[in-house]
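> Handing over query_39.tsv, TSV, C-alpha atoms.
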chain	number	residue	atom	x	y	z
A	1016	MET	CA	0.00	0.00	0.00
A	1017	PRO	CA	1.45	3.44	-0.91
A	1018	LEU	CA	2.50	5.74	1.90
A	1019	ASP	CA	0.65	9.06	1.95
A	1020	ASN	CA	3.84	11.04	2.67
A	1021	SER	CA	5.97	9.45	-0.03
A	1022	PRO	CA	8.07	11.99	-1.98
A	1023	PHE	CA	8.05	9.63	-4.99
A	1024	PRO	CA	5.05	8.34	-6.97
A	1025	TYR	CA	4.25	4.64	-6.98
A	1026	ALA	CA	4.25	2.88	-10.34
A	1027	GLU	CA	0.96	1.16	-11.17
A	1028	THR	CA	2.92	-1.94	-12.21
A	1029	ALA	CA	6.62	-2.69	-12.56
A	1030	GLU	CA	6.06	-3.23	-16.28
A	1031	ASP	CA	4.95	0.41	-16.61
A	1032	VAL	CA	8.58	1.43	-15.99
A	1033	GLY	CA	10.13	-1.42	-17.94
A	1034	VAL	CA	10.78	-3.91	-15.15
A	1035	SER	CA	9.46	-7.44	-14.76
A	1036	SER	CA	7.03	-7.91	-11.86
A	1037	ASP	CA	8.40	-11.43	-11.50
A	1038	ALA	CA	11.93	-10.08	-11.11
A	1039	ILE	CA	10.79	-7.67	-8.38
A	1040	TRP	CA	8.90	-10.47	-6.61
A	1041	LEU	CA	11.93	-12.79	-6.73
A	1042	PHE	CA	14.16	-10.01	-5.39
A	1043	LYS	CA	11.79	-9.44	-2.47
A	1044	GLU	CA	11.41	-13.17	-1.74
A	1045	ARG	CA	15.19	-13.57	-1.75
A	1046	LEU	CA	15.39	-11.04	1.06
A	1047	TYR	CA	12.48	-12.62	2.95
A	1048	SER	CA	14.28	-15.96	2.88
A	1049	ARG	CA	17.29	-14.29	4.47
A	1050	MET	CA	15.03	-12.81	7.13
A	1051	VAL	CA	13.46	-16.19	7.86
A	1052	ALA	CA	16.96	-17.69	8.14
A	1053	ARG	CA	17.73	-14.98	10.75
A	1054	HIS	CA	20.56	-13.46	8.74
A	1055	MET	CA	19.20	-10.06	9.75
A	1056	VAL	CA	16.78	-8.69	12.36
A	1057	GLY	CA	14.83	-6.11	10.38
A	1058	ALA	CA	15.05	-4.23	7.10
A	1059	GLU	CA	13.47	-1.71	4.78
A	1060	ILE	CA	13.89	-1.99	1.01
A	1061	LEU	CA	13.08	0.75	-1.50
A	1062	VAL	CA	13.46	0.33	-5.28
A	1063	LEU	CA	12.76	3.13	-7.76
A	1064	VAL	CA	12.88	3.05	-11.54
A	1065	GLY	CA	12.52	6.28	-13.48
A	1066	GLY	CA	11.74	8.06	-10.23
A	1067	GLN	CA	8.76	5.76	-9.48
A	1068	ILE	CA	8.53	3.22	-6.67
A	1069	VAL	CA	8.26	-0.40	-7.77
A	1070	LEU	CA	9.03	-1.92	-4.36
A	1071	HIS	CA	8.83	-0.50	-0.85
A	1072	GLN	CA	8.77	-3.12	1.87
A	1073	ALA	CA	9.54	-3.37	5.58
A	1074	MET	CA	10.28	-6.75	7.12
A	1075	GLY	CA	11.34	-8.18	10.46
A	1076	TRP	CA	11.76	-6.26	13.68
A	1077	ALA	CA	12.71	-2.70	14.57
A	1078	ASP	CA	13.23	-4.08	18.09
A	1079	ARG	CA	13.02	-7.84	18.43
A	1080	ASP	CA	13.39	-7.72	22.21
A	1081	GLU	CA	10.30	-5.49	22.54
A	1082	LEU	CA	8.49	-7.12	19.57
A	1083	VAL	CA	8.28	-3.84	17.62
A	1084	PRO	CA	7.90	-4.56	13.89
A	1085	MET	CA	9.95	-2.66	11.33
A	1086	ALA	CA	7.99	0.15	9.64
A	1087	ARG	CA	8.49	1.81	6.30
A	1088	ASN	CA	10.07	5.26	6.38
A	1089	SER	CA	12.09	4.47	9.48
A	1090	ILE	CA	15.24	6.43	10.30
A	1091	PHE	CA	18.39	4.30	10.49
A	1092	ARG	CA	21.93	4.71	11.70
A	1093	LEU	CA	23.59	5.06	8.28
A	1094	ALA	CA	27.19	4.51	9.37
A	1095	SER	CA	29.54	4.77	6.36
A	1096	MET	CA	26.72	5.82	4.05
A	1097	THR	CA	27.69	9.21	5.54
A	1098	LYS	CA	30.95	9.22	3.55
A	1099	PRO	CA	29.50	10.16	0.12
A	1100	LEU	CA	27.96	13.30	1.61
A	1101	ALA	CA	31.34	14.26	3.06
A	1102	GLY	CA	32.89	13.62	-0.34
A	1103	THR	CA	30.23	15.75	-2.01
A	1104	ALA	CA	30.98	18.61	0.38
A	1105	VAL	CA	34.67	18.46	-0.58
A	1106	LEU	CA	33.92	18.37	-4.32
A	1107	MET	CA	31.67	21.42	-3.94
A	1108	LEU	CA	34.60	23.37	-2.52
A	1109	VAL	CA	36.83	22.13	-5.33
A	1110	GLU	CA	34.33	23.42	-7.90
A	1111	GLU	CA	34.21	26.78	-6.13
A	1112	GLY	CA	37.99	27.09	-6.41
A	1113	ARG	CA	38.46	27.02	-2.64
A	1114	LEU	CA	40.27	23.68	-2.63
A	1115	GLY	CA	42.40	21.65	-5.06
A	1116	LEU	CA	42.28	17.87	-5.40
A	1117	ASP	CA	46.06	17.59	-5.61
A	1118	GLU	CA	46.85	20.12	-2.91
A	1119	PRO	CA	48.59	18.82	0.21
A	1120	VAL	CA	46.31	18.42	3.22
A	1121	GLY	CA	48.96	20.32	5.19
A	1122	ARG	CA	47.83	23.51	3.49
A	1123	TYR	CA	44.71	23.33	5.72
A	1124	LEU	CA	45.68	21.17	8.71
A	1125	ASP	CA	48.93	22.07	10.49
A	1126	SER	CA	49.92	18.58	11.61
A	1127	PHE	CA	49.86	17.32	8.01
A	1128	ARG	CA	52.86	19.45	7.04
A	1129	PHE	CA	55.60	17.07	8.14
A	1130	ASP	CA	57.09	13.69	7.26
A	1131	ALA	CA	54.81	11.20	5.45
A	1132	ALA	CA	51.67	13.14	6.40
A	1133	GLY	CA	53.04	16.05	4.40
A	1134	ARG	CA	52.76	13.97	1.23
A	1135	ILE	CA	49.03	13.27	1.66
A	1136	THR	CA	46.78	15.15	-0.78
A	1137	ILE	CA	43.04	15.82	-0.78
A	1138	ARG	CA	42.72	13.27	-3.61
A	1139	HIS	CA	44.48	10.62	-1.49
A	1140	LEU	CA	41.90	11.11	1.25
A	1141	LEU	CA	38.96	10.94	-1.20
A	1142	ILE	CA	40.09	7.66	-2.80
A	1143	HIS	CA	41.44	6.10	0.44
A	1144	ARG	CA	45.09	6.10	-0.61
A	1145	SER	CA	46.48	8.24	2.20
A	1146	GLY	CA	48.24	5.40	3.99
A	1147	PHE	CA	45.95	5.58	7.04
A	1148	VAL	CA	44.46	2.25	8.13
A	1149	GLN	CA	41.04	1.38	9.48
A	1150	GLY	CA	41.08	1.35	13.27
A	1151	GLY	CA	44.33	3.31	13.30
A	1152	GLU	CA	43.06	6.22	15.42
A	1153	PRO	CA	45.72	7.52	17.82
A	1154	PRO	CA	45.09	7.40	21.60
A	1155	GLY	CA	42.66	10.08	22.72
A	1156	TYR	CA	41.29	10.60	19.20
A	1157	SER	CA	37.58	10.46	20.08
A	1158	ASP	CA	38.14	12.55	23.23
A	1159	GLN	CA	39.35	15.61	21.32
A	1160	ALA	CA	37.23	18.73	21.65
A	1161	THR	CA	36.61	19.14	17.90
A	1162	LEU	CA	36.92	17.21	14.65
A	1163	ILE	CA	39.81	19.49	13.62
A	1164	ASP	CA	41.67	18.62	16.83
A	1165	ALA	CA	41.11	14.91	16.20
A	1166	ALA	CA	42.28	15.13	12.58
A	1167	ASN	CA	45.41	17.01	13.66
A	1168	LEU	CA	46.14	14.23	16.16
A	1169	ALA	CA	45.96	11.73	13.29
A	1170	GLY	CA	48.30	13.91	11.23
A	1171	GLU	CA	50.81	14.02	14.09
A	1172	GLN	CA	50.80	10.23	14.29
A	1173	GLY	CA	51.11	9.99	10.51
A	1174	PRO	CA	50.01	7.29	8.05
A	1175	THR	CA	50.98	3.65	8.38
A	1176	TYR	CA	51.92	3.35	4.70
A	1177	GLU	CA	53.35	5.67	2.08
A	1178	PRO	CA	50.63	7.97	0.67
A	1179	GLY	CA	49.44	6.93	-2.78
A	1180	GLU	CA	50.93	3.46	-2.47
A	1181	ARG	CA	47.79	1.37	-1.95
A	1182	PHE	CA	44.04	1.47	-1.35
A	1183	ILE	CA	43.19	1.11	2.35
A	1184	TYR	CA	39.69	2.04	3.46
A	1185	SER	CA	39.87	4.16	6.61
A	1186	ASP	CA	37.49	6.40	8.55
A	1187	LEU	CA	40.45	8.69	9.22
A	1188	ASN	CA	40.34	9.81	5.58
A	1189	SER	CA	36.75	11.02	5.88
A	1190	ASP	CA	37.36	12.70	9.22
A	1191	ALA	CA	40.36	14.55	7.81
A	1192	LEU	CA	38.28	15.70	4.83
A	1193	GLY	CA	35.61	16.98	7.19
A	1194	ALA	CA	38.24	18.88	9.13
A	1195	VAL	CA	39.48	20.46	5.89
A	1196	VAL	CA	35.92	21.54	5.03
A	1197	ALA	CA	35.54	23.07	8.49
A	1198	THR	CA	38.87	24.89	8.23
A	1199	ILE	CA	38.05	26.39	4.82
A	1200	THR	CA	34.44	27.37	5.53
A	1201	GLY	CA	34.76	28.36	9.17
A	1202	GLU	CA	31.79	26.19	10.11
A	1203	PRO	CA	31.57	22.56	11.31
A	1204	VAL	CA	31.28	20.07	8.46
A	1205	ASP	CA	27.90	18.84	9.74
A	1206	ARG	CA	26.51	22.38	9.46
A	1207	PHE	CA	27.90	22.68	5.93
A	1208	ILE	CA	26.31	19.34	4.96
A	1209	ARG	CA	22.95	20.43	6.37
A	1210	ARG	CA	23.06	23.82	4.68
A	1211	ARG	CA	24.46	22.86	1.28
A	1212	ILE	CA	23.20	19.29	0.74
A	1213	LEU	CA	20.41	18.17	3.07
A	1214	SER	CA	18.34	21.36	2.93
A	1215	PRO	CA	18.48	21.92	-0.86
A	1216	LEU	CA	17.58	18.27	-1.53
A	1217	GLY	CA	14.73	18.29	0.98
A	1218	MET	CA	16.40	15.59	3.08
A	1219	SER	CA	14.48	16.54	6.22
A	1220	ASP	CA	14.73	13.02	7.68
A	1221	THR	CA	18.53	12.99	7.64
A	1222	HIS	CA	20.18	14.13	10.85
A	1223	THR	CA	23.71	14.77	12.08
A	1224	ALA	CA	22.94	14.20	15.77
A	1225	PHE	CA	20.59	12.07	17.88
A	1226	SER	CA	19.20	12.04	21.38
A	1227	PRO	CA	16.22	10.15	22.83
A	1228	SER	CA	14.34	13.45	23.17
A	1229	VAL	CA	14.19	14.31	19.44
A	1230	GLY	CA	10.75	14.13	17.84
A	1231	TRP	CA	11.78	11.38	15.42
A	1232	ALA	CA	13.33	9.03	18.01
A	1233	ASP	CA	10.37	6.64	17.81
A	1234	ARG	CA	11.18	6.02	14.12
A	1235	VAL	CA	14.72	4.77	14.86
A	1236	PRO	CA	15.18	0.98	15.10
A	1237	SER	CA	17.39	-0.63	17.71
A	1238	SER	CA	20.78	-1.87	16.50
A	1239	TYR	CA	21.84	-5.52	16.65
A	1240	ARG	CA	25.11	-7.37	16.24
A	1241	SER	CA	25.78	-11.05	15.74
A	1242	TRP	CA	28.56	-13.35	16.84
A	1243	SER	CA	27.46	-16.30	14.68
A	1244	GLY	CA	25.54	-14.83	11.74
A	1245	THR	CA	22.11	-15.98	12.98
A	1246	SER	CA	22.09	-15.14	16.72
A	1247	TRP	CA	21.58	-11.42	17.24
A	1248	GLU	CA	22.20	-9.28	20.33
A	1249	ARG	CA	20.82	-5.78	20.79
A	1250	TRP	CA	23.70	-3.37	21.51
A	1251	TRP	CA	21.90	-0.02	21.18
A	1252	ASN	CA	18.33	1.27	21.29
A	1253	PRO	CA	16.87	4.77	20.79
A	1254	ASN	CA	16.36	5.22	24.52
A	1255	ARG	CA	20.12	5.79	24.69
A	1256	PRO	CA	21.97	8.82	23.32
A	1257	HIS	CA	24.38	8.53	20.42
A	1258	GLU	CA	27.42	9.73	22.30
A	1259	SER	CA	30.07	11.66	20.40
A	1260	ARG	CA	31.93	14.88	21.17
A	1261	TRP	CA	31.85	15.87	17.47
A	1262	PHE	CA	30.19	14.78	14.27
A	1263	SER	CA	32.22	12.24	12.31
A	1264	PRO	CA	31.78	12.57	8.52
A	1265	ALA	CA	32.93	8.96	8.34
A	1266	GLY	CA	29.70	7.58	9.77
A	1267	ASP	CA	27.51	9.62	12.12
A	1268	LEU	CA	24.43	10.35	9.99
A	1269	PHE	CA	20.93	9.05	10.73
A	1270	GLY	CA	18.58	8.96	7.74
A	1271	SER	CA	15.72	7.42	5.80
A	1272	ALA	CA	15.41	5.42	2.60
A	1273	PHE	CA	13.47	8.20	0.90
A	1274	ASP	CA	16.16	10.76	1.72
A	1275	TRP	CA	19.00	8.63	0.47
A	1276	ALA	CA	17.06	7.96	-2.73
A	1277	ARG	CA	16.87	11.75	-3.20
A	1278	PHE	CA	20.63	12.03	-2.77
A	1279	LEU	CA	21.36	9.20	-5.20
A	1280	GLN	CA	18.94	10.62	-7.75
A	1281	ALA	CA	20.76	13.95	-7.69
A	1282	TRP	CA	24.00	12.14	-8.57
A	1283	VAL	CA	22.30	10.03	-11.26
A	1284	ASP	CA	20.98	13.27	-12.76
A	1285	LEU	CA	24.61	14.48	-13.02
A	1286	GLY	CA	24.46	16.71	-10.01
A	1287	GLU	CA	21.08	18.33	-10.64
A	1288	TYR	CA	18.30	18.69	-8.09
A	1289	GLY	CA	15.09	20.51	-8.93
A	1290	ASP	CA	16.05	23.96	-10.20
A	1291	GLY	CA	19.54	23.79	-8.68
A	1292	ARG	CA	22.75	21.78	-8.88
A	1293	LEU	CA	24.98	20.04	-6.35
A	1294	LEU	CA	27.90	19.51	-8.74
A	1295	GLU	CA	28.75	19.96	-12.39
A	1296	ALA	CA	28.48	16.85	-14.55
A	1297	ALA	CA	32.25	16.72	-15.04
A	1298	ALA	CA	32.79	16.44	-11.28
A	1299	VAL	CA	30.27	13.61	-11.03
A	1300	LEU	CA	32.00	11.68	-13.82
A	1301	GLU	CA	35.45	12.21	-12.31
A	1302	ALA	CA	34.31	11.18	-8.84
A	1303	LEU	CA	32.97	7.86	-10.15
A	1304	ALA	CA	35.86	7.09	-12.53
A	1305	ASP	CA	38.40	4.36	-11.75
A	1306	PRO	CA	41.23	6.29	-10.04
A	1307	VAL	CA	43.90	3.82	-11.22
A	1308	ALA	CA	42.43	2.79	-14.59
A	1309	ALA	CA	45.65	3.55	-16.44
A	1310	ASP	CA	47.54	1.16	-14.14
A	1311	THR	CA	45.08	-1.72	-14.43
A	1312	LEU	CA	45.00	-4.28	-17.22
A	1313	PRO	CA	42.53	-5.73	-17.84
A	1314	ALA	CA	40.08	-3.02	-16.78
A	1315	ARG	CA	38.47	-3.56	-13.40
A	1316	SER	CA	34.72	-4.09	-13.02
A	1317	ARG	CA	34.62	-2.73	-9.45
A	1318	TRP	CA	36.58	0.01	-7.71
A	1319	TYR	CA	36.40	2.79	-5.12
A	1320	GLY	CA	36.11	6.32	-6.50
A	1321	MET	CA	35.98	9.60	-4.61
A	1322	HIS	CA	34.10	8.41	-1.53
A	1323	TRP	CA	31.85	6.15	-3.63
A	1324	GLU	CA	31.90	2.40	-4.22
A	1325	VAL	CA	31.52	1.51	-7.90
A	1326	TYR	CA	29.90	-1.84	-8.73
A	1327	SER	CA	30.05	-2.10	-12.53
A	1328	ARG	CA	31.53	-0.26	-15.47
A	1329	PRO	CA	29.41	2.24	-17.46
A	1330	GLU	CA	27.15	0.67	-20.06
A	1331	SER	CA	28.30	3.19	-22.67
A	1332	PRO	CA	31.22	5.63	-23.09
A	1333	GLY	CA	30.60	8.78	-21.10
A	1334	GLY	CA	27.88	7.12	-19.03
A	1335	LEU	CA	27.76	6.58	-15.29
A	1336	PRO	CA	28.67	3.25	-13.67
A	1337	ALA	CA	26.54	1.55	-11.03
A	1338	PHE	CA	27.62	3.09	-7.73
A	1339	GLY	CA	26.67	3.53	-4.09
A	1340	HIS	CA	27.92	2.98	-0.56
A	1341	ARG	CA	27.26	0.64	2.33
A	1342	GLY	CA	27.52	1.06	6.09
A	1343	ALA	CA	28.64	-1.22	8.90
A	1344	THR	CA	25.15	-1.07	10.43
A	1345	GLY	CA	23.89	-3.21	7.52
A	1346	THR	CA	22.90	-0.36	5.21
A	1347	LEU	CA	23.26	0.21	1.48
A	1348	GLY	CA	22.26	2.80	-1.10
A	1349	MET	CA	23.05	2.16	-4.77
A	1350	ALA	CA	22.16	3.56	-8.16
A	1351	ILE	CA	22.16	1.82	-11.55
A	1352	PRO	CA	22.09	4.81	-13.91
A	1353	GLY	CA	21.85	2.74	-17.10
A	1354	ARG	CA	18.36	1.70	-15.99
A	1355	ASP	CA	17.58	4.89	-14.03
A	1356	ALA	CA	17.22	2.65	-10.98
A	1357	VAL	CA	17.85	3.34	-7.29
A	1358	VAL	CA	17.99	0.65	-4.60
A	1359	VAL	CA	18.12	1.52	-0.90
A	1360	PHE	CA	18.41	-1.36	1.57
A	1361	LEU	CA	18.56	-0.39	5.25
A	1362	THR	CA	18.84	-2.82	8.15
A	1363	ASN	CA	19.53	-2.68	11.85
A	1364	SER	CA	21.84	-5.70	11.69
A	1365	ASN	CA	25.54	-4.85	11.85
A	1366	GLU	CA	27.90	-6.16	9.15
A	1367	THR	CA	25.26	-8.43	7.64
A	1368	GLU	CA	26.48	-10.36	4.60
A	1369	VAL	CA	23.07	-9.78	3.01
A	1370	VAL	CA	24.24	-6.37	1.79
A	1371	GLU	CA	26.63	-7.93	-0.72
A	1372	GLU	CA	23.84	-10.20	-1.93
A	1373	VAL	CA	21.57	-7.17	-2.47
A	1374	ILE	CA	24.26	-5.54	-4.62
A	1375	ASP	CA	24.63	-8.65	-6.77
A	1376	ALA	CA	20.88	-9.26	-7.00
A	1377	ALA	CA	20.18	-5.63	-7.99
A	1378	LEU	CA	22.83	-5.71	-10.71
A	1379	GLU	CA	21.37	-8.98	-11.98
A	1380	MET	CA	17.79	-7.66	-11.87
A	1381	PHE	CA	18.69	-4.57	-13.88
A	1382	GLY	CA	21.14	-6.30	-16.20
A	1383	SER	CA	24.30	-4.44	-15.16
Using the file provided, produce a representation of the structure as structure tokens.

Amino acid sequence: MPLDNSPFPYAETAEDVGVSSDAIWLFKERLYSRMVARHMVGAEILVLVGGQIVLHQAMGWADRDELVPMARNSIFRLASMTKPLAGTAVLMLVEEGRLGLDEPVGRYLDSFRFDAAGRITIRHLLIHRSGFVQGGEPPGYSDQATLIDAANLAGEQGPTYEPGERFIYSDLNSDALGAVVATITGEPVDRFIRRRILSPLGMSDTHTAFSPSVGWADRVPSSYRSWSGTSWERWWNPNRPHESRWFSPAGDLFGSAFDWARFLQAWVDLGEYGDGRLLEAAAVLEALADPVAADTLPARSRWYGMHWEVYSRPESPGGLPAFGHRGATGTLGMAIPGRDAVVVFLTNSNETEVVEEVIDAALEMFGS
């Protein structure tokens, strides 16, 4: 049944937008089978084609301990699905001439001026080739008063590997980018994201902070983790605050499926939104291009661009590849531009392997 407050129209049938109803049904049943097998606790799935909804389903539990069923249009902890918004903020400043992709980070953060850290560029941070490692935060990192202070602590410690040498996914890259944005603009990166991205796109259900007293707290599912893949333990519920001294652009957003679909659609439309524009088309294409294509033979089918995962090569020269991002809380948003399709899969089940299956199934369903 359509939701009254949906920002997207519902297609009468999948065939009306060029998709097989059987394919949509099989996709949904595949996820239900995973739910029955207890490979996740609860989930919401949203699929749009041509800007119209062909599937919008909630399944499982928002809180299994309290027997609260998952509802559509819930607000999830997005974890690393935050990173593409941080990347977008950086690319906006690049387009405005306030920042250069190949400038040293030390031009903006003092501790990045020396030794190996002095060789890290903005581009290295965007494509995760800075030499920082995941989980490599220095002692006292999260206790710093501001994001800039934390990023400077990371710069003082320096990267583990030589910048540019290898791809290593690390939250430190995103945090450092957020600190650069804050330094250039004079405002915290979360405020910049709200003002320049969330507000223009109408992403009113995406939030940079949470407390149990906010008006939308009852829409936030509890979070679960598993030690065996099928036995889940609740580790957080919305009666508890999300404690952080500063907003991390690596993973602190809360948001809805509808909002993330808006964000993806703006990228699919080459940076456009309504009567405005997030980025120029050239920036969108560069951000999603293989950053080491010239060094790779044969050409890769998957890679990591500028704070985006890329899942398949473009269907035609000059086109956009299938792209998106996942989060450790079991979340995923992806776009398949060749079919004008958007798939948002949000769960409350940390590190669930189902996310990878959703990527593969979506690519198969839309022939990418």
> Region 1073-1089 of chain A: which residues within 12 Å, counting only C-alpha atoms, same-chain residues fewer than 6 positions away excluded, as a ChimeraX atom specification?
/A:1016-1022,1043-1044,1046-1061,1220-1221,1231-1239,1246-1254,1269-1276,1359-1364
> Can you tell me how far CA of Ser1263 (chain A) sits from CA of Ser1327 (chain A), in Å to one decimal?
28.8 Å
> Could you tell me how far CA of Pro1174 (chain A) lies from CA of Leu1141 (chain A), in Å and to one decimal?
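Between CA of Pro1174 (chain A) and CA of Leu1141 (chain A) the gap works out to 14.9 Å.
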> Considering all atoms listed in the file, return as a PyMOL selection string whatever protein or nucleic-acid residues lie within 10 Å of region 1143-1145 of chain A, sequence-local ones (same chain, fewer than 2 positions apart) excluded.
chain A and resi 1131-1132+1134-1141+1147-1148+1173-1189+1319-1322
> So which one's closest to Thr1161 (chain A), A:Leu1279, A:Ala1191, A:Met1380, A:Ile1142? Using all atoms listed in the file, please.
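Selected residue with least distance to Thr1161 (chain A): A:Ala1191.
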> Between A:Ile1199, A:Pro1024, A:Ser1228, A:Ile1068, which is the closest to Gly1112 (chain A) once you count only C-alpha atoms?
A:Ile1199
> Go through A:Ser1214, A:Ser1126, A:Glu1258, A:Ala1169 one by one, measure the shortest atom-to-atom distance of each to Gly1146 (chain A) using only C-alpha atoms, and give the residue with the smallest value.
A:Ala1169
> Which polymer residues have any atom within 9 Å of an atom of Thr1103 (chain A), counting all atoms listed in the file, with same-chain residues fewer than 5 positions away left out, as a CSV table (one decimal) with C-alpha atoms, keeping the file's coordinate frame?

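As a result, around33.csv now contains:
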chain,number,residue,atom,x,y,z
A,1098,LYS,CA,31.0,9.2,3.6
A,1108,LEU,CA,34.6,23.4,-2.5
A,1208,ILE,CA,26.3,19.3,5.0
A,1212,ILE,CA,23.2,19.3,0.7
A,1293,LEU,CA,25.0,20.0,-6.4
A,1294,LEU,CA,27.9,19.5,-8.7
A,1321,MET,CA,36.0,9.6,-4.6
A,1322,HIS,CA,34.1,8.4,-1.5
> Please return as a VMD selection string every residue within 7 Å of (27.9, 16.8, 3.8), taking into account only C-alpha atoms and the file's own coordinates.
chain A and resid 1100 to 1101 1103 to 1104 1204 to 1205 1207 to 1209 1212
> Can I get the selection written as an mmCIF file, in the coordinates of the input, with C-alpha atoms?

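Output below, filename part-v2.cif:
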data_model
loop_
_atom_site.group_PDB
_atom_site.id
_atom_site.type_symbol
_atom_site.label_atom_id
_atom_site.label_comp_id
_atom_site.auth_asym_id
_atom_site.auth_seq_id
_atom_site.Cartn_x
_atom_site.Cartn_y
_atom_site.Cartn_z
ATOM 1 C CA LEU A 1100 27.960 13.300 1.610
ATOM 2 C CA ALA A 1101 31.340 14.260 3.060
ATOM 3 C CA THR A 1103 30.230 15.750 -2.010
ATOM 4 C CA ALA A 1104 30.980 18.610 0.380
ATOM 5 C CA VAL A 1204 31.280 20.070 8.460
ATOM 6 C CA ASP A 1205 27.900 18.840 9.740
ATOM 7 C CA PHE A 1207 27.900 22.680 5.930
ATOM 8 C CA ILE A 1208 26.310 19.340 4.960
ATOM 9 C CA ARG A 1209 22.950 20.430 6.370
ATOM 10 C CA ILE A 1212 23.200 19.290 0.740
#
> Choose the residue, out of A:Asp1284, A:Glu1118, A:Asp1190, A:Glu1324, that has the smallest atom-to-atom separation from Leu1168 (chain A); count all atoms listed in the file.
A:Asp1190
> Would you compute the distance between CA of Val1358 (chain A) and CA of Ser1095 (chain A)? Give it in Å to one decimal.
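Going from CA of Val1358 (chain A) over to CA of Ser1095 (chain A), I get 16.4 Å.
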> Find the nearest atom pair between each residue of region 1023-1110 of chain A and region 1328-1350 of chain A for residues within 7 Å, count only C-alpha atoms, give distances in Å to one decimal, sort rows by chain and ascending number, and present the table as a Markdown table.

| residue | atom | partner | partner_atom | distance |
| --- | --- | --- | --- | --- |
| A:Arg1092 | CA | A:Thr1344 | CA | 6.7 |
| A:Leu1093 | CA | A:Gly1342 | CA | 6.0 |
| A:Ala1094 | CA | A:Gly1342 | CA | 4.8 |
| A:Ser1095 | CA | A:Gly1342 | CA | 4.2 |
| A:Met1096 | CA | A:Gly1342 | CA | 5.2 |
> What residues have an atom no more than 9 Å from (9.8, 8.5, -11.1) in the file's own frame, counting all atoms listed in the file, and can you write them as a compact mmCIF listing (two decimals) with C-alpha atoms, in the coordinates of the input?

# COMPACT_ATOMS: atom_id res chain seq x y z
CA PHE A 1023 8.05 9.63 -4.99
CA PRO A 1024 5.05 8.34 -6.97
CA TYR A 1025 4.25 4.64 -6.98
CA ALA A 1026 4.25 2.88 -10.34
CA VAL A 1032 8.58 1.43 -15.99
CA LEU A 1063 12.76 3.13 -7.76
CA VAL A 1064 12.88 3.05 -11.54
CA GLY A 1065 12.52 6.28 -13.48
CA GLY A 1066 11.74 8.06 -10.23
CA GLN A 1067 8.76 5.76 -9.48
CA ILE A 1068 8.53 3.22 -6.67
> Starting from the incomplete input, reconstruct N, CA and C atoms of region 1371-1383 of chain A and report them as a PDB file, keeping the file's coordinate frame.

ATOM      1  N   GLU A1371      25.935  -7.549   0.512  1.00  0.00           N
ATOM      2  CA  GLU A1371      26.630  -7.930  -0.720  1.00  0.00           C
ATOM      3  C   GLU A1371      25.694  -8.685  -1.665  1.00  0.00           C
ATOM      4  N   GLU A1372      24.811  -9.487  -1.100  1.00  0.00           N
ATOM      5  CA  GLU A1372      23.840 -10.200  -1.930  1.00  0.00           C
ATOM      6  C   GLU A1372      22.869  -9.227  -2.591  1.00  0.00           C
ATOM      7  N   VAL A1373      22.472  -8.179  -1.883  1.00  0.00           N
ATOM      8  CA  VAL A1373      21.570  -7.170  -2.470  1.00  0.00           C
ATOM      9  C   VAL A1373      22.251  -6.492  -3.649  1.00  0.00           C
ATOM     10  N   ILE A1374      23.526  -6.163  -3.510  1.00  0.00           N
ATOM     11  CA  ILE A1374      24.260  -5.540  -4.620  1.00  0.00           C
ATOM     12  C   ILE A1374      24.229  -6.451  -5.841  1.00  0.00           C
ATOM     13  N   ASP A1375      24.587  -7.706  -5.646  1.00  0.00           N
ATOM     14  CA  ASP A1375      24.630  -8.650  -6.770  1.00  0.00           C
ATOM     15  C   ASP A1375      23.249  -8.864  -7.371  1.00  0.00           C
ATOM     16  N   ALA A1376      22.233  -9.005  -6.510  1.00  0.00           N
ATOM     17  CA  ALA A1376      20.880  -9.260  -7.000  1.00  0.00           C
ATOM     18  C   ALA A1376      20.330  -8.054  -7.771  1.00  0.00           C
ATOM     19  N   ALA A1377      20.645  -6.831  -7.306  1.00  0.00           N
ATOM     20  CA  ALA A1377      20.180  -5.630  -7.990  1.00  0.00           C
ATOM     21  C   ALA A1377      20.838  -5.505  -9.362  1.00  0.00           C
ATOM     22  N   LEU A1378      22.131  -5.761  -9.425  1.00  0.00           N
ATOM     23  CA  LEU A1378      22.830  -5.710 -10.710  1.00  0.00           C
ATOM     24  C   LEU A1378      22.264  -6.760 -11.672  1.00  0.00           C
ATOM     25  N   GLU A1379      21.958  -7.922 -11.145  1.00  0.00           N
ATOM     26  CA  GLU A1379      21.370  -8.980 -11.980  1.00  0.00           C
ATOM     27  C   GLU A1379      19.971  -8.595 -12.458  1.00  0.00           C
ATOM     28  N   MET A1380      19.166  -8.023 -11.550  1.00  0.00           N
ATOM     29  CA  MET A1380      17.790  -7.660 -11.870  1.00  0.00           C
ATOM     30  C   MET A1380      17.742  -6.586 -12.966  1.00  0.00           C
ATOM     31  N   PHE A1381      18.699  -5.664 -12.909  1.00  0.00           N
ATOM     32  CA  PHE A1381      18.690  -4.570 -13.880  1.00  0.00           C
ATOM     33  C   PHE A1381      19.711  -4.751 -14.997  1.00  0.00           C
ATOM     34  N   GLY A1382      20.291  -5.957 -15.058  1.00  0.00           N
ATOM     35  CA  GLY A1382      21.140  -6.300 -16.200  1.00  0.00           C
ATOM     36  C   GLY A1382      22.426  -5.526 -16.296  1.00  0.00           C
ATOM     37  N   SER A1383      23.030  -5.178 -15.137  1.00  0.00           N
ATOM     38  CA  SER A1383      24.300  -4.440 -15.160  1.00  0.00           C
ATOM     39  C   SER A1383      25.456  -5.351 -14.783  1.00  0.00           C
TER      40      SER A1383
END
